file my_file19.cif (mmCIF, C-alpha atoms)
data_structure
#
loop_
_atom_site.group_PDB
_atom_site.id
_atom_site.type_symbol
_atom_site.label_atom_id
_atom_site.label_comp_id
_atom_site.auth_asym_id
_atom_site.auth_seq_id
_atom_site.Cartn_x
_atom_site.Cartn_y
_atom_site.Cartn_z
ATOM 1 C CA MET A 1044 48.019 -22.454 13.804
ATOM 2 C CA PRO A 1045 44.222 -22.770 13.761
ATOM 3 C CA SER A 1046 42.435 -24.999 16.221
ATOM 4 C CA PRO A 1047 39.405 -27.112 15.369
ATOM 5 C CA GLU A 1048 37.378 -24.854 17.633
ATOM 6 C CA GLU A 1049 38.548 -21.751 15.783
ATOM 7 C CA ILE A 1050 37.650 -23.290 12.432
ATOM 8 C CA LYS A 1051 34.254 -24.321 13.750
ATOM 9 C CA GLN A 1052 33.573 -20.795 15.020
ATOM 10 C CA ARG A 1053 34.662 -19.184 11.776
ATOM 11 C CA ILE A 1054 32.404 -21.451 9.725
ATOM 12 C CA GLU A 1055 29.440 -20.858 11.999
ATOM 13 C CA ALA A 1056 30.058 -17.103 12.010
ATOM 14 C CA ALA A 1057 30.352 -16.885 8.242
ATOM 15 C CA ILE A 1058 27.420 -19.070 7.215
ATOM 16 C CA PRO A 1059 24.174 -18.052 8.900
ATOM 17 C CA GLY A 1060 22.529 -20.915 10.732
ATOM 18 C CA ALA A 1061 25.430 -23.296 10.139
ATOM 19 C CA ALA A 1062 26.394 -25.974 12.614
ATOM 20 C CA ALA A 1063 29.900 -27.344 12.188
ATOM 21 C CA GLU A 1064 31.796 -30.221 13.701
ATOM 22 C CA VAL A 1065 35.528 -30.014 13.162
ATOM 23 C CA GLU A 1066 38.241 -32.480 14.045
ATOM 24 C CA ASP A 1067 41.995 -32.378 13.687
ATOM 25 C CA TYR A 1068 42.436 -35.856 12.322
ATOM 26 C CA THR A 1069 46.203 -36.054 12.401
ATOM 27 C CA GLY A 1070 46.766 -34.153 15.640
ATOM 28 C CA ALA A 1071 49.277 -31.946 13.850
ATOM 29 C CA GLY A 1072 47.065 -28.864 13.691
ATOM 30 C CA ASP A 1073 46.953 -28.618 9.909
ATOM 31 C CA HIS A 1074 44.685 -31.413 8.633
ATOM 32 C CA PHE A 1075 41.035 -30.935 9.493
ATOM 33 C CA ARG A 1076 37.792 -32.635 8.739
ATOM 34 C CA ALA A 1077 34.569 -30.660 8.979
ATOM 35 C CA THR A 1078 30.934 -31.652 8.775
ATOM 36 C CA VAL A 1079 28.798 -28.609 8.142
ATOM 37 C CA THR A 1080 25.021 -28.491 8.243
ATOM 38 C CA ALA A 1081 23.346 -25.308 7.047
ATOM 39 C CA THR A 1082 20.082 -24.202 5.525
ATOM 40 C CA ALA A 1083 22.219 -21.986 3.274
ATOM 41 C CA PHE A 1084 23.220 -25.162 1.412
ATOM 42 C CA GLU A 1085 19.693 -25.884 0.273
ATOM 43 C CA GLY A 1086 19.344 -25.733 -3.473
ATOM 44 C CA ARG A 1087 23.092 -25.617 -4.015
ATOM 45 C CA SER A 1088 25.268 -28.265 -5.599
ATOM 46 C CA ARG A 1089 27.932 -29.980 -3.543
ATOM 47 C CA ILE A 1090 30.563 -27.921 -5.317
ATOM 48 C CA GLN A 1091 28.773 -24.692 -4.426
ATOM 49 C CA GLN A 1092 28.380 -25.869 -0.826
ATOM 50 C CA HIS A 1093 32.063 -26.669 -0.487
ATOM 51 C CA ARG A 1094 33.027 -23.366 -2.101
ATOM 52 C CA LEU A 1095 30.992 -21.494 0.518
ATOM 53 C CA VAL A 1096 33.137 -23.091 3.201
ATOM 54 C CA TYR A 1097 36.457 -22.855 1.375
ATOM 55 C CA GLU A 1098 35.877 -19.149 0.698
ATOM 56 C CA ILE A 1099 35.898 -18.461 4.430
ATOM 57 C CA PHE A 1100 39.532 -19.491 4.635
ATOM 58 C CA GLY A 1101 40.853 -18.211 1.314
ATOM 59 C CA ALA A 1102 44.577 -18.658 0.930
ATOM 60 C CA GLU A 1103 44.834 -20.382 4.312
ATOM 61 C CA ILE A 1104 43.692 -23.517 2.484
ATOM 62 C CA GLY A 1105 46.880 -25.049 1.215
ATOM 63 C CA GLY A 1106 48.818 -22.811 3.608
ATOM 64 C CA PRO A 1107 48.438 -23.127 7.392
ATOM 65 C CA ILE A 1108 45.408 -25.330 6.780
ATOM 66 C CA HIS A 1109 47.027 -28.014 4.700
ATOM 67 C CA ALA A 1110 43.804 -29.928 4.227
ATOM 68 C CA LEU A 1111 40.188 -29.261 5.069
ATOM 69 C CA SER A 1112 38.109 -32.282 4.242
ATOM 70 C CA LEU A 1113 34.432 -31.397 3.969
ATOM 71 C CA LYS A 1114 31.078 -33.001 4.271
ATOM 72 C CA THR A 1115 28.243 -30.568 3.748
ATOM 73 C CA GLN A 1116 24.520 -31.091 4.097
ATOM 74 C CA SER A 1117 21.312 -29.191 4.579
ATOM 75 C CA PRO A 1118 19.207 -29.936 7.651
ATOM 76 C CA GLN A 1119 16.994 -32.994 7.239
ATOM 77 C CA MET B 1343 44.609 -46.770 -18.852
ATOM 78 C CA SER B 1344 45.359 -43.514 -17.224
ATOM 79 C CA SER B 1345 47.296 -41.278 -19.523
ATOM 80 C CA GLN B 1346 47.101 -39.860 -22.980
ATOM 81 C CA PRO B 1347 50.459 -38.186 -23.119
ATOM 82 C CA ASN B 1348 50.322 -36.634 -26.554
ATOM 83 C CA THR B 1349 47.744 -34.027 -25.773
ATOM 84 C CA ALA B 1350 48.166 -30.941 -23.644
ATOM 85 C CA GLN B 1351 51.804 -30.791 -24.500
ATOM 86 C CA ASP B 1352 52.898 -28.474 -21.747
ATOM 87 C CA LEU B 1353 51.345 -30.466 -18.932
ATOM 88 C CA PRO B 1354 52.994 -33.323 -17.077
ATOM 89 C CA MET B 1355 50.469 -35.896 -18.162
ATOM 90 C CA SER B 1356 50.798 -38.822 -15.840
ATOM 91 C CA SER B 1357 54.506 -39.341 -16.241
ATOM 92 C CA PRO B 1358 56.398 -36.129 -15.622
ATOM 93 C CA GLN B 1359 58.328 -35.085 -18.675
ATOM 94 C CA PRO B 1360 61.542 -33.123 -18.806
ATOM 95 C CA SER B 1361 60.694 -29.559 -18.003
ATOM 96 C CA ALA B 1362 59.457 -27.586 -20.956
ATOM 97 C CA ALA B 1363 57.582 -25.081 -18.869
ATOM 98 C CA PRO B 1364 56.406 -21.969 -20.621
ATOM 99 C CA GLU B 1365 57.457 -18.574 -19.420
ATOM 100 C CA ALA B 1366 56.131 -17.276 -16.146
ATOM 101 C CA PRO B 1367 52.580 -15.934 -16.138
ATOM 102 C CA THR B 1368 52.411 -12.362 -17.292
ATOM 103 C CA ALA B 1369 50.210 -9.519 -16.208
ATOM 104 C CA SER B 1370 46.494 -10.000 -16.682
ATOM 105 C CA GLY B 1371 45.334 -9.651 -20.220
ATOM 106 C CA GLU B 1372 48.492 -11.043 -21.723
ATOM 107 C CA SER B 1373 49.003 -14.583 -22.835
ATOM 108 C CA ASN B 1374 49.105 -17.226 -20.191
ATOM 109 C CA PRO B 1375 50.401 -20.464 -21.710
ATOM 110 C CA ILE B 1376 49.936 -22.550 -18.582
ATOM 111 C CA ARG B 1377 46.349 -21.502 -18.102
ATOM 112 C CA ASP B 1378 45.674 -22.067 -21.789
ATOM 113 C CA ALA B 1379 47.236 -25.540 -21.662
ATOM 114 C CA ILE B 1380 45.132 -26.479 -18.638
ATOM 115 C CA GLY B 1381 41.982 -25.214 -20.324
ATOM 116 C CA GLU B 1382 42.785 -27.197 -23.456
ATOM 117 C CA ALA B 1383 43.459 -30.349 -21.462
ATOM 118 C CA ILE B 1384 40.103 -30.002 -19.686
ATOM 119 C CA ALA B 1385 38.359 -29.465 -23.006
ATOM 120 C CA GLU B 1386 40.086 -32.342 -24.769
ATOM 121 C CA HIS B 1387 39.624 -35.052 -22.167
ATOM 122 C CA LYS B 1388 36.233 -36.388 -21.252
ATOM 123 C CA VAL B 1389 37.505 -37.258 -17.782
ATOM 124 C CA ILE B 1390 40.667 -35.637 -16.436
ATOM 125 C CA LEU B 1391 42.115 -35.639 -12.956
ATOM 126 C CA PHE B 1392 44.575 -33.055 -11.673
ATOM 127 C CA MET B 1393 46.409 -34.689 -8.815
ATOM 128 C CA LYS B 1394 49.576 -34.871 -6.754
ATOM 129 C CA GLY B 1395 51.725 -37.637 -8.196
ATOM 130 C CA THR B 1396 50.529 -40.152 -10.740
ATOM 131 C CA PRO B 1397 47.749 -42.751 -10.725
ATOM 132 C CA GLU B 1398 50.450 -45.378 -10.295
ATOM 133 C CA ALA B 1399 52.189 -43.466 -7.502
ATOM 134 C CA PRO B 1400 49.893 -40.891 -5.891
ATOM 135 C CA ALA B 1401 51.788 -38.447 -3.678
ATOM 136 C CA CYS B 1402 48.875 -37.602 -1.396
ATOM 137 C CA GLY B 1403 46.146 -39.614 0.290
ATOM 138 C CA PHE B 1404 43.386 -37.464 -1.199
ATOM 139 C CA SER B 1405 44.697 -38.011 -4.702
ATOM 140 C CA ALA B 1406 45.060 -41.730 -3.983
ATOM 141 C CA ARG B 1407 41.451 -42.048 -2.845
ATOM 142 C CA THR B 1408 40.170 -40.197 -5.889
ATOM 143 C CA VAL B 1409 42.187 -42.410 -8.238
ATOM 144 C CA ALA B 1410 40.891 -45.496 -6.429
ATOM 145 C CA ALA B 1411 37.280 -44.401 -6.950
ATOM 146 C CA LEU B 1412 37.867 -43.861 -10.665
ATOM 147 C CA GLN B 1413 39.715 -47.105 -11.078
ATOM 148 C CA SER B 1414 37.058 -49.104 -9.305
ATOM 149 C CA LEU B 1415 34.514 -47.769 -11.814
ATOM 150 C CA ASP B 1416 36.870 -48.762 -14.602
ATOM 151 C CA VAL B 1417 36.543 -45.297 -16.113
ATOM 152 C CA PRO B 1418 39.365 -44.213 -18.415
ATOM 153 C CA PHE B 1419 40.811 -40.894 -17.335
ATOM 154 C CA ALA B 1420 43.685 -38.609 -18.134
ATOM 155 C CA ALA B 1421 45.829 -37.521 -15.216
ATOM 156 C CA VAL B 1422 48.003 -34.467 -14.706
ATOM 157 C CA ASP B 1423 50.568 -34.302 -11.936
ATOM 158 C CA ILE B 1424 50.513 -30.728 -10.617
ATOM 159 C CA LEU B 1425 53.591 -31.132 -8.420
ATOM 160 C CA PRO B 1426 56.372 -30.462 -10.949
ATOM 161 C CA ASP B 1427 55.431 -26.797 -11.362
ATOM 162 C CA PRO B 1428 53.636 -24.755 -8.659
ATOM 163 C CA ARG B 1429 52.154 -22.553 -11.358
ATOM 164 C CA LEU B 1430 50.024 -25.480 -12.482
ATOM 165 C CA ARG B 1431 48.195 -25.474 -9.181
ATOM 166 C CA GLN B 1432 47.847 -21.695 -9.149
ATOM 167 C CA GLU B 1433 46.434 -21.527 -12.632
ATOM 168 C CA LEU B 1434 44.199 -24.559 -12.179
ATOM 169 C CA SER B 1435 42.652 -23.086 -9.044
ATOM 170 C CA ALA B 1436 42.214 -19.764 -10.814
ATOM 171 C CA ILE B 1437 40.288 -21.506 -13.585
ATOM 172 C CA SER B 1438 38.212 -23.750 -11.365
ATOM 173 C CA ASN B 1439 37.661 -21.505 -8.339
ATOM 174 C CA TRP B 1440 38.571 -24.524 -6.258
ATOM 175 C CA PRO B 1441 41.436 -24.310 -3.788
ATOM 176 C CA THR B 1442 42.515 -27.894 -3.251
ATOM 177 C CA ILE B 1443 43.998 -30.823 -5.142
ATOM 178 C CA PRO B 1444 42.847 -33.249 -6.512
ATOM 179 C CA GLN B 1445 40.302 -31.839 -8.937
ATOM 180 C CA LEU B 1446 38.261 -34.063 -11.202
ATOM 181 C CA PHE B 1447 36.715 -32.713 -14.387
ATOM 182 C CA ALA B 1448 34.236 -34.473 -16.653
ATOM 183 C CA ASN B 1449 32.849 -33.092 -19.887
ATOM 184 C CA GLY B 1450 34.632 -29.819 -19.223
ATOM 185 C CA GLU B 1451 33.059 -29.274 -15.797
ATOM 186 C CA LEU B 1452 34.491 -29.565 -12.310
ATOM 187 C CA VAL B 1453 32.993 -32.630 -10.638
ATOM 188 C CA GLY B 1454 34.734 -32.019 -7.345
ATOM 189 C CA GLY B 1455 37.644 -32.753 -5.098
ATOM 190 C CA CYS B 1456 38.325 -35.905 -3.144
ATOM 191 C CA ASP B 1457 35.457 -35.503 -0.677
ATOM 192 C CA ILE B 1458 32.826 -34.987 -3.347
ATOM 193 C CA VAL B 1459 34.192 -37.677 -5.666
ATOM 194 C CA VAL B 1460 34.269 -40.267 -2.892
ATOM 195 C CA GLU B 1461 30.810 -39.250 -1.681
ATOM 196 C CA MET B 1462 29.446 -39.555 -5.223
ATOM 197 C CA TYR B 1463 31.187 -42.883 -5.666
ATOM 198 C CA GLU B 1464 29.630 -44.243 -2.489
ATOM 199 C CA SER B 1465 26.162 -43.013 -3.442
ATOM 200 C CA GLY B 1466 26.440 -44.371 -6.981
ATOM 201 C CA GLU B 1467 26.278 -40.921 -8.595
ATOM 202 C CA LEU B 1468 29.834 -40.825 -9.845
ATOM 203 C CA ALA B 1469 29.440 -43.251 -12.746
ATOM 204 C CA GLU B 1470 26.551 -41.190 -14.067
ATOM 205 C CA ALA B 1471 28.446 -37.917 -13.699
ATOM 206 C CA LEU B 1472 31.325 -39.288 -15.757
ATOM 207 C CA GLN B 1473 29.198 -40.404 -18.698
#

call {"tool": "encode", "arguments": {"input": "my_file19.cif", "output": "structure tokens"}}
result
Amino acid sequence: MPSPEEIKQRIEAAIPGAAAEVEDYTGAGDHFRATVTATAFEGRSRIQQHRLVYEIFGAEIGGPIHALSLKTQSPQ
Amino acid sequence: MSSQPNTAQDLPMSSPQPSAAPEAPTASGESNPIRDAIGEAIAEHKVILFMKGTPEAPACGFSARTVAALQSLDVPFAAVDILPDPRLRQELSAISNWPTIPQLFANGELVGGCDIVVEMYESGELAEALQ
């Protein structure tokens, strides 16, 4: 079962320059909420930004990670 | 208004119908009735939401929030419940390259999932995207 810290590290490792904050919002270890800030998001639509994050986890989304709620942004 | 049940005949539009599921997906390159039906539904409906449950009885908080955003804009939308057949979700995600449910489409394009739809609703962008 992934921890918020593990998810944070995987996002930050996969997307260069990304900073992620991840919380387990039910405490059950399978519903997470992540805010990700990355220069890699610049010039991309929200859908493309979310796909970049979802792609890190592949089939884990909907599996061990039941929900990963996302807010993505580029640095101000 | 949330359903237009006479289109996309193989999909559980809003109120789940008795199962008339096509045969299981075949190897790539052969016909795929479920994927075709999903593609037709997306093409035929200006605004269509693939969700868990129905607009009247959402079966997931993310689907419920997405329905609430649409309803508060008073936008008519078709709704497909993906729960009755797991292949619906598989084929939908294969088409959309989007792993989660709900998925909102407008004018044939993926608008987003719950997070994006709610964010666009709060910023005022959603109404424009659904025109």

call {"tool": "closest_atom_pairs", "arguments": {"input": "my_file19.cif", "of": "chain B", "to": "chain A", "cutoff": "9 Å", "atoms": "all atoms listed in the file", "output": "JSON lines"}}
result
{"residue": "B:Asn1439", "atom": "CA", "partner": "A:Arg1094", "partner_atom": "CA", "distance": 8.0}
{"residue": "B:Trp1440", "atom": "CA", "partner": "A:Arg1094", "partner_atom": "CA", "distance": 7.0}
{"residue": "B:Pro1441", "atom": "CA", "partner": "A:Ile1104", "partner_atom": "CA", "distance": 6.7}
{"residue": "B:Thr1442", "atom": "CA", "partner": "A:Gly1105", "partner_atom": "CA", "distance": 6.9}
{"residue": "B:Leu1452", "atom": "CA", "partner": "A:Ile1090", "partner_atom": "CA", "distance": 8.2}
{"residue": "B:Val1453", "atom": "CA", "partner": "A:Ile1090", "partner_atom": "CA", "distance": 7.5}
{"residue": "B:Gly1454", "atom": "CA", "partner": "A:Ile1090", "partner_atom": "CA", "distance": 6.2}
{"residue": "B:Gly1455", "atom": "CA", "partner": "A:Ile1090", "partner_atom": "CA", "distance": 8.6}
{"residue": "B:Cys1456", "atom": "CA", "partner": "A:Ser1112", "partner_atom": "CA", "distance": 8.2}
{"residue": "B:Asp1457", "atom": "CA", "partner": "A:Leu1113", "partner_atom": "CA", "distance": 6.3}
{"residue": "B:Ile1458", "atom": "CA", "partner": "A:Arg1089", "partner_atom": "CA", "distance": 7.0}
{"residue": "B:Glu1461", "atom": "CA", "partner": "A:Lys1114", "partner_atom": "CA", "distance": 8.6}

call {"tool": "residues_near_point", "arguments": {"input": "my_file19.cif", "point": "(54.1, -32.2, -9.1)", "cutoff": "7 Å", "atoms": "only C-alpha atoms", "output": "PyMOL selection string"}}
result
chain B and resi 1394-1395+1423-1427

call {"tool": "atom_distance", "arguments": {"input": "my_file19.cif", "atom1": "CA of Arg1429 in chain B", "atom2": "CA of Pro1375 in chain B"}}
result
10.7 Å

call {"tool": "resolve_selection", "arguments": {"input": "my_file19.cif", "expression": "the PyMOL selection byres ((chain B and resi 1413) around 12)", "output": "list in words"}}
result
Met1343, Ser1344, Leu1391, Pro1397, Glu1398, Ala1406, Arg1407, Thr1408, Val1409, Ala1410, Ala1411, Leu1412, Ser1414, Leu1415, Asp1416, Val1417, Pro1418, Phe1419, Ala1420, Val1460, Tyr1463, Leu1468 and Ala1469 of chain B

call {"tool": "atom_distance", "arguments": {"input": "my_file19.cif", "atom1": "CA of Pro1045 in chain A", "atom2": "CA of Val1096 in chain A"}}
result
15.3 Å

call {"tool": "build_atoms", "arguments": {"input": "my_file19.cif", "residues": "range 1102-1113 of chain A", "atoms": "N, CA, C and O atoms", "output": "tab-separated table (two decimals), keeping the file's coordinate frame"}}
result
chain	number	residue	atom	x	y	z
A	1102	ALA	N	43.24	-18.12	1.18
A	1102	ALA	CA	44.58	-18.66	0.93
A	1102	ALA	C	45.10	-19.50	2.09
A	1102	ALA	O	46.16	-20.12	1.97
A	1103	GLU	N	44.39	-19.50	3.21
A	1103	GLU	CA	44.83	-20.38	4.31
A	1103	GLU	C	44.73	-21.85	3.91
A	1103	GLU	O	45.45	-22.69	4.45
A	1104	ILE	N	43.80	-22.15	2.98
A	1104	ILE	CA	43.69	-23.52	2.48
A	1104	ILE	C	44.91	-23.78	1.60
A	1104	ILE	O	45.17	-23.05	0.65
A	1105	GLY	N	45.63	-24.79	1.94
A	1105	GLY	CA	46.88	-25.05	1.22
A	1105	GLY	C	48.07	-24.38	1.89
A	1105	GLY	O	49.21	-24.67	1.58
A	1106	GLY	N	47.77	-23.44	2.81
A	1106	GLY	CA	48.82	-22.81	3.61
A	1106	GLY	C	48.81	-23.42	5.01
A	1106	GLY	O	49.06	-24.61	5.16
A	1107	PRO	N	48.47	-22.59	6.03
A	1107	PRO	CA	48.44	-23.13	7.39
A	1107	PRO	C	47.44	-24.27	7.56
A	1107	PRO	O	47.65	-25.16	8.38
A	1108	ILE	N	46.35	-24.21	6.79
A	1108	ILE	CA	45.41	-25.33	6.78
A	1108	ILE	C	45.77	-26.20	5.58
A	1108	ILE	O	45.37	-25.92	4.45
A	1109	HIS	N	46.55	-27.22	5.83
A	1109	HIS	CA	47.03	-28.01	4.70
A	1109	HIS	C	45.87	-28.72	4.01
A	1109	HIS	O	45.83	-28.83	2.78
A	1110	ALA	N	44.95	-29.22	4.81
A	1110	ALA	CA	43.80	-29.93	4.23
A	1110	ALA	C	42.57	-29.66	5.07
A	1110	ALA	O	42.63	-29.67	6.30
A	1111	LEU	N	41.48	-29.39	4.39
A	1111	LEU	CA	40.19	-29.26	5.07
A	1111	LEU	C	39.20	-30.15	4.31
A	1111	LEU	O	38.70	-29.79	3.25
A	1112	SER	N	39.01	-31.33	4.86
A	1112	SER	CA	38.11	-32.28	4.24
A	1112	SER	C	36.68	-31.93	4.67
A	1112	SER	O	36.43	-31.65	5.83
A	1113	LEU	N	35.77	-31.91	3.69
A	1113	LEU	CA	34.43	-31.40	3.97
A	1113	LEU	C	33.34	-32.41	3.70
A	1113	LEU	O	33.40	-33.17	2.74
